[in-house]
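Participant: Dumping the structure here so I can ask a few things about it.
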Amino acid sequence: MKKTHNVKTVLRAGALLAVAVTGGNLAQAQTCSATWTGNAGDGKWSTAGNWSPRKVPDATSDVCIPILTTADATATPSIFVHSIQVVEGASLLFGSGQVSIATSVVNQGGITLYGTTLSAGSIDLPAPGQIGAYDNSSITSPAFSNAAGTVSVGAGGTLRLADNPVQLQNGNLSGGNWLVSSGVLVLPSDISQLTSQGTVISLDGTGSAIEDASGHNALARLTSVGPGAVLALFGGASLTIAQSLTSQGVLDVSGSLTVTGAYTQLSGATTNMGGTLNAASVTVQAGSTLQGGGTVESSITNNGTVAPQGSLTVTGNYTQTSGAALTEQFGSTLHVNFNAALSGALNVAVNPKRPPKSGATYTALTFGSLNGSFTRHTAGFTLTTNANNIQVTKQ
């Protein structure tokens, strides 16, 4: 019986980067000496009638899995072939046995490992190729390249990479989507920087982790998220970074992120809140945005844009400089537990389909104490400063 799992492989809209893919051409030409047809009707790798020619692949076979087909090898205890190519729209399922590929794997489709021990001379994972792992799976390949594909680990699963992928050198991860959904991805070494446009690390769900070979947090030494790179925490996932963190990319904190040092957003960076961000200090530099709801367990210095969506709480102080802005949808609130030191702009946006009526009010900001004031605000609104809040009224 074919194993089925609830695979979570969809990147969250607005938080992660989408990869545009056109065509179904193979990443490189390969002669197919064994092509999957599925003509026998049982879907099994071990049935000769599912192959052209009608022979189960052996150590000399160059295997091709064509578009819109699924080859199920989960019941085959060991597989030895010369090469494998899976085209876009095709799927290949491996079970809890040994799979040995003498030369190359090129995967533009989907390969799923259910407790598989996979080895290959090289593995190429171009977009939109995916490798999904469940149970206790491992991959050994000295030339494993995930430049723009997706490696995912499902709930309760562990995927161990015996070799660093090509994109991980000297702590710098420079490509690929790496998604862990309540499982564990084990890498030989730590990750200190996410350097390239399109590099995505996503931890989704309680217990999600990326570990090094010693079982330690492989992201603990992360120091920077580069332009266009993404670090995302969803669904109760938590991560602790053991020093300061600088970002020019995207952080999605719908889970819990602890930065033991300072967290600094440089120009071009976006932090999407929805969970908890804990840091020694948070600085939003000009040209960057911190937005969303949830809690920032720190003080914020805003030189750019802070944009609450619903309710955003700052447990420390909030300092807004002259060139910065607090930007809110009418009805959203920034809650500051201690002092709010204000300058710069309050920008109020409205829903054009349901704009507030004249006289409608909302609380834009609450605070324990206040210094200064907004020096400018959106026309058509009146600001009223009270003992512990600032209210906005539609004129």
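Simple scheme: letters A, B, ... for chains in structure tokens order, numbers from 1 for residues in each chain, numbers from 1 for ligands in the order shown.
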Env of Gln85 of chain A: 8 Å cut, atoms = only C-alpha atoms, seq-sep filter 2 positions within chain, self excluded. Answer as an MDAnalysis selection string.
Facilitator: chainID A and resid 30 62:65 83 87 105:107
Participant: Just N, CA, C and O atoms for this one: save the residues we selected as a PDB file, in the first residue's frame.
Facilitator:
```
ATOM      1  N   GLN A  30      19.891  13.760 -20.875  1.00  0.00           N
ATOM      2  CA  GLN A  30      20.274  12.458 -20.368  1.00  0.00           C
ATOM      3  C   GLN A  30      19.632  11.388 -21.246  1.00  0.00           C
ATOM      4  O   GLN A  30      18.458  11.462 -21.574  1.00  0.00           O
ATOM      5  N   ASP A  62      20.001   4.105 -16.878  1.00  0.00           N
ATOM      6  CA  ASP A  62      19.753   5.537 -16.768  1.00  0.00           C
ATOM      7  C   ASP A  62      18.239   5.727 -16.758  1.00  0.00           C
ATOM      8  O   ASP A  62      17.574   5.594 -17.793  1.00  0.00           O
ATOM      9  N   VAL A  63      17.697   6.021 -15.573  1.00  0.00           N
ATOM     10  CA  VAL A  63      16.253   5.998 -15.331  1.00  0.00           C
ATOM     11  C   VAL A  63      15.657   7.384 -15.580  1.00  0.00           C
ATOM     12  O   VAL A  63      16.196   8.394 -15.130  1.00  0.00           O
ATOM     13  N   CYS A  64      14.525   7.410 -16.290  1.00  0.00           N
ATOM     14  CA  CYS A  64      13.781   8.647 -16.506  1.00  0.00           C
ATOM     15  C   CYS A  64      12.332   8.458 -16.070  1.00  0.00           C
ATOM     16  O   CYS A  64      11.686   7.473 -16.456  1.00  0.00           O
ATOM     17  N   ILE A  65      11.844   9.422 -15.255  1.00  0.00           N
ATOM     18  CA  ILE A  65      10.447   9.432 -14.822  1.00  0.00           C
ATOM     19  C   ILE A  65       9.783  10.601 -15.534  1.00  0.00           C
ATOM     20  O   ILE A  65      10.079  11.763 -15.246  1.00  0.00           O
ATOM     21  N   SER A  83      21.850   6.338 -13.115  1.00  0.00           N
ATOM     22  CA  SER A  83      21.417   7.720 -12.957  1.00  0.00           C
ATOM     23  C   SER A  83      19.899   7.779 -12.917  1.00  0.00           C
ATOM     24  O   SER A  83      19.219   6.830 -13.329  1.00  0.00           O
ATOM     25  N   VAL A  87      11.359  14.516 -14.273  1.00  0.00           N
ATOM     26  CA  VAL A  87      11.013  15.769 -14.938  1.00  0.00           C
ATOM     27  C   VAL A  87       9.954  16.518 -14.138  1.00  0.00           C
ATOM     28  O   VAL A  87       9.324  15.974 -13.221  1.00  0.00           O
ATOM     29  N   VAL A 105      21.638  12.474 -10.040  1.00  0.00           N
ATOM     30  CA  VAL A 105      20.192  12.644  -9.916  1.00  0.00           C
ATOM     31  C   VAL A 105      19.883  14.066 -10.365  1.00  0.00           C
ATOM     32  O   VAL A 105      20.452  15.027  -9.838  1.00  0.00           O
ATOM     33  N   VAL A 106      18.989  14.213 -11.344  1.00  0.00           N
ATOM     34  CA  VAL A 106      18.491  15.517 -11.748  1.00  0.00           C
ATOM     35  C   VAL A 106      16.985  15.505 -11.498  1.00  0.00           C
ATOM     36  O   VAL A 106      16.259  14.719 -12.109  1.00  0.00           O
ATOM     37  N   ASN A 107      16.528  16.363 -10.600  1.00  0.00           N
ATOM     38  CA  ASN A 107      15.139  16.315 -10.154  1.00  0.00           C
ATOM     39  C   ASN A 107      14.467  17.664 -10.334  1.00  0.00           C
ATOM     40  O   ASN A 107      14.682  18.590  -9.561  1.00  0.00           O
TER      41      ASN A 107
END
```
Participant: Residues near Val166 of chain A, anyone? I mean within 12 Å using only C-alpha atoms, not counting same-chain ones fewer than 4 positions away, as a list in words.
Facilitator: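 After dropping sequence-adjacent residues, the list is Ser122, Ile123, Asp124, Leu125, Ser141, Pro142, Ala143, Phe144, Ser145, Asn146, Ala147, Ala148, Leu161, Asn170, Gly171, Asn172, Leu173, Ser174, Gly175 and Gly176 of chain A.
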Participant: Do you know which residues are at most 9 Å from Trp36 of chain A counting only C-alpha atoms, after dropping those on the same chain fewer than 4 positions away, and could you put them as an mmCIF file with N, CA and C atoms, in the first residue's frame?
Facilitator:
```
data_model
loop_
_atom_site.group_PDB
_atom_site.id
_atom_site.type_symbol
_atom_site.label_atom_id
_atom_site.label_comp_id
_atom_site.auth_asym_id
_atom_site.auth_seq_id
_atom_site.Cartn_x
_atom_site.Cartn_y
_atom_site.Cartn_z
ATOM 1 N N TRP A 45 7.632 0.138 -8.738
ATOM 2 C CA TRP A 45 8.963 0.123 -9.352
ATOM 3 C C TRP A 45 9.368 -1.286 -9.757
ATOM 4 N N ASN A 50 5.949 -1.952 -15.956
ATOM 5 C CA ASN A 50 5.856 -0.505 -15.783
ATOM 6 C C ASN A 50 7.013 0.245 -16.443
ATOM 7 N N TRP A 51 7.879 -0.491 -17.144
ATOM 8 C CA TRP A 51 9.082 0.122 -17.708
ATOM 9 C C TRP A 51 9.177 -0.128 -19.203
ATOM 10 N N SER A 52 9.863 0.780 -19.867
ATOM 11 C CA SER A 52 10.215 0.588 -21.275
ATOM 12 C C SER A 52 11.726 0.744 -21.414
ATOM 13 N N VAL A 63 17.697 6.021 -15.573
ATOM 14 C CA VAL A 63 16.253 5.998 -15.331
ATOM 15 C C VAL A 63 15.657 7.384 -15.580
ATOM 16 N N CYS A 64 14.525 7.410 -16.290
ATOM 17 C CA CYS A 64 13.781 8.647 -16.506
ATOM 18 C C CYS A 64 12.332 8.458 -16.070
ATOM 19 N N ILE A 65 11.844 9.422 -15.255
ATOM 20 C CA ILE A 65 10.447 9.432 -14.822
ATOM 21 C C ILE A 65 9.783 10.601 -15.534
ATOM 22 N N PRO A 66 8.892 10.329 -16.493
ATOM 23 C CA PRO A 66 8.329 11.407 -17.330
ATOM 24 C C PRO A 66 7.189 12.155 -16.646
ATOM 25 N N THR A 69 3.544 11.353 -14.158
ATOM 26 C CA THR A 69 3.577 9.960 -13.729
ATOM 27 C C THR A 69 4.142 9.891 -12.320
ATOM 28 N N THR A 70 3.822 8.783 -11.616
ATOM 29 C CA THR A 70 4.346 8.532 -10.277
ATOM 30 C C THR A 70 4.868 7.119 -10.205
ATOM 31 N N ALA A 71 6.143 6.987 -9.869
ATOM 32 C CA ALA A 71 6.760 5.679 -9.685
ATOM 33 C C ALA A 71 6.918 5.425 -8.196
#
```
Participant: Taking into account only C-alpha atoms, which residue in the set A:Ser181, A:Ser196, A:Thr270, A:Gln130 is nearest to Phe234 of chain A?
Facilitator: A:Ser181
Participant: Counting only C-alpha atoms, what is within 12 Å of Ser192 of chain A, bar same-chain residues fewer than 6 positions away, as a CSV table (one decimal) with N, CA, C and O atoms, in the first residue's frame?
Facilitator:
```
chain,number,residue,atom,x,y,z
A,168,LEU,N,26.2,25.8,0.6
A,168,LEU,CA,26.6,26.1,2.0
A,168,LEU,C,28.1,26.0,2.1
A,168,LEU,O,28.6,24.9,2.1
A,169,GLN,N,28.8,27.1,2.0
A,169,GLN,CA,30.2,27.1,2.1
A,169,GLN,C,30.7,28.1,3.1
A,169,GLN,O,30.3,29.3,3.1
A,170,ASN,N,31.5,27.7,4.1
A,170,ASN,CA,32.1,28.6,5.1
A,170,ASN,C,31.0,29.3,5.9
A,170,ASN,O,31.2,30.5,6.2
A,171,GLY,N,29.9,28.6,6.1
A,171,GLY,CA,28.8,29.2,6.9
A,171,GLY,C,27.8,30.1,6.1
A,171,GLY,O,26.8,30.5,6.6
A,172,ASN,N,28.1,30.3,4.8
A,172,ASN,CA,27.3,31.1,3.9
A,172,ASN,C,26.3,30.2,3.1
A,172,ASN,O,26.8,29.4,2.3
A,173,LEU,N,25.0,30.4,3.3
A,173,LEU,CA,24.0,29.7,2.5
A,173,LEU,C,23.5,30.6,1.4
A,173,LEU,O,23.0,31.7,1.7
A,174,SER,N,23.7,30.2,0.2
A,174,SER,CA,23.5,31.1,-0.9
A,174,SER,C,22.5,30.5,-2.0
A,174,SER,O,22.6,30.8,-3.2
A,217,ASN,N,21.9,23.7,17.6
A,217,ASN,CA,21.2,24.6,16.7
A,217,ASN,C,22.1,25.2,15.6
A,217,ASN,O,23.0,25.9,15.9
A,218,ALA,N,21.9,24.8,14.4
A,218,ALA,CA,22.8,25.2,13.3
A,218,ALA,C,22.6,26.7,12.9
A,218,ALA,O,23.4,27.2,12.1
A,219,LEU,N,21.5,27.3,13.4
A,219,LEU,CA,21.3,28.7,13.1
A,219,LEU,C,21.7,29.6,14.3
A,219,LEU,O,21.5,30.8,14.2
A,220,ALA,N,22.2,29.1,15.4
A,220,ALA,CA,22.5,29.9,16.6
A,220,ALA,C,23.6,31.0,16.2
A,220,ALA,O,23.6,32.0,16.9
A,221,ARG,N,24.4,30.7,15.2
A,221,ARG,CA,25.5,31.7,14.9
A,221,ARG,C,25.1,32.5,13.7
A,221,ARG,O,26.0,33.2,13.2
A,222,LEU,N,23.9,32.6,13.3
A,222,LEU,CA,23.4,33.4,12.2
A,222,LEU,C,23.6,34.9,12.6
A,222,LEU,O,23.2,35.3,13.6
A,223,THR,N,24.3,35.6,11.7
A,223,THR,CA,24.6,37.0,11.9
A,223,THR,C,23.9,37.9,11.0
A,223,THR,O,23.7,39.1,11.3
A,224,SER,N,23.5,37.4,9.8
A,224,SER,CA,22.9,38.3,8.8
A,224,SER,C,22.0,37.6,7.8
A,224,SER,O,22.2,36.4,7.5
A,225,VAL,N,21.0,38.3,7.4
A,225,VAL,CA,20.0,37.9,6.4
A,225,VAL,C,20.2,38.9,5.2
A,225,VAL,O,19.9,40.0,5.4
A,226,GLY,N,20.7,38.4,4.1
A,226,GLY,CA,21.1,39.3,3.0
A,226,GLY,C,19.9,39.8,2.2
A,226,GLY,O,18.7,39.3,2.4
A,241,ILE,N,18.9,32.9,18.4
A,241,ILE,CA,20.2,33.3,17.8
A,241,ILE,C,21.1,33.9,18.9
A,241,ILE,O,20.6,34.8,19.6
A,242,ALA,N,22.3,33.4,19.0
A,242,ALA,CA,23.1,33.6,20.1
A,242,ALA,C,24.0,34.9,20.1
A,242,ALA,O,25.0,35.0,20.8
A,243,GLN,N,23.7,35.8,19.2
A,243,GLN,CA,24.4,37.1,19.1
A,243,GLN,C,23.5,38.1,18.4
A,243,GLN,O,22.3,37.8,18.2
A,244,SER,N,24.1,39.2,17.9
A,244,SER,CA,23.3,40.2,17.2
A,244,SER,C,23.0,39.7,15.8
A,244,SER,O,23.7,38.9,15.2
A,245,LEU,N,21.9,40.2,15.2
A,245,LEU,CA,21.4,39.8,13.9
A,245,LEU,C,21.1,41.1,13.1
A,245,LEU,O,20.5,42.0,13.6
A,246,THR,N,21.6,41.1,11.9
A,246,THR,CA,21.4,42.2,10.9
A,246,THR,C,20.6,41.7,9.8
A,246,THR,O,21.0,40.6,9.2
```
Participant: Neighbouring residues of segment 315-326 of chain A were defined as those with any atom within 6 Å, considering only C-alpha atoms; residues of the same chain fewer than 3 positions away were excluded. Please report them as a short mmCIF file (atom, residue, chain, number, x, y, z; two decimals) with C-alpha atoms, in the first residue's frame.
Facilitator:
```cif
data_model
loop_
_atom_site.label_atom_id
_atom_site.label_comp_id
_atom_site.auth_asym_id
_atom_site.auth_seq_id
_atom_site.Cartn_x
_atom_site.Cartn_y
_atom_site.Cartn_z
CA GLU A 297 9.94 42.16 23.74
CA SER A 298 12.47 44.98 23.56
CA SER A 299 12.73 48.69 22.92
CA ILE A 300 12.44 49.98 19.34
CA THR A 301 14.30 52.84 17.72
CA ASN A 302 12.43 53.71 14.54
CA ASN A 303 14.33 55.51 11.80
CA GLY A 304 12.21 53.94 9.07
CA THR A 305 8.63 52.64 9.21
CA VAL A 306 6.76 50.80 11.95
CA ALA A 307 3.35 49.64 10.73
CA ASN A 337 4.55 49.69 27.78
CA PHE A 338 7.04 52.36 28.85
CA ASN A 339 8.13 55.65 27.26
CA ALA A 340 7.21 56.84 23.77
CA ALA A 341 9.57 59.52 22.44
CA LEU A 342 7.96 60.94 19.32
CA SER A 343 8.90 62.88 16.23
CA GLY A 344 8.28 62.31 12.53
CA ALA A 345 5.01 61.20 10.96
CA LEU A 346 1.80 59.43 11.83
#
```
Participant: Using atom CA of Pro355 of chain A and atom CA of Asn389 of chain A as the two end points, give the distance in Å to one decimal.
Facilitator: 22.7 Å
Participant: Residues of segment 36-255 of chain A classed as strand (DSSP E) by DSSP on the backbone are to be reported as number ranges by chain.
Facilitator: A: 36, 51-52, 62-65, 70-73, 78-81, 83-86, 91-94, 98-107, 110-114, 117-124, 130-134, 136-140, 144-145, 150-153, 158-161, 168-169, 172-173, 177-181, 184-186, 193-194, 200-204, 209-211, 224-225, 230-234, 238-241, 245-247, 250-253
Participant: Give the answer as one residue: which of A:Ile84, A:Ile111, A:Leu365, A:Leu118 has the shortest atom-to-atom distance to Cys32 of chain A, using only C-alpha atoms?
Facilitator: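 Between A:Ile84, A:Ile111, A:Leu365, A:Leu118, the residue approaching Cys32 of chain A most closely is A:Ile84.
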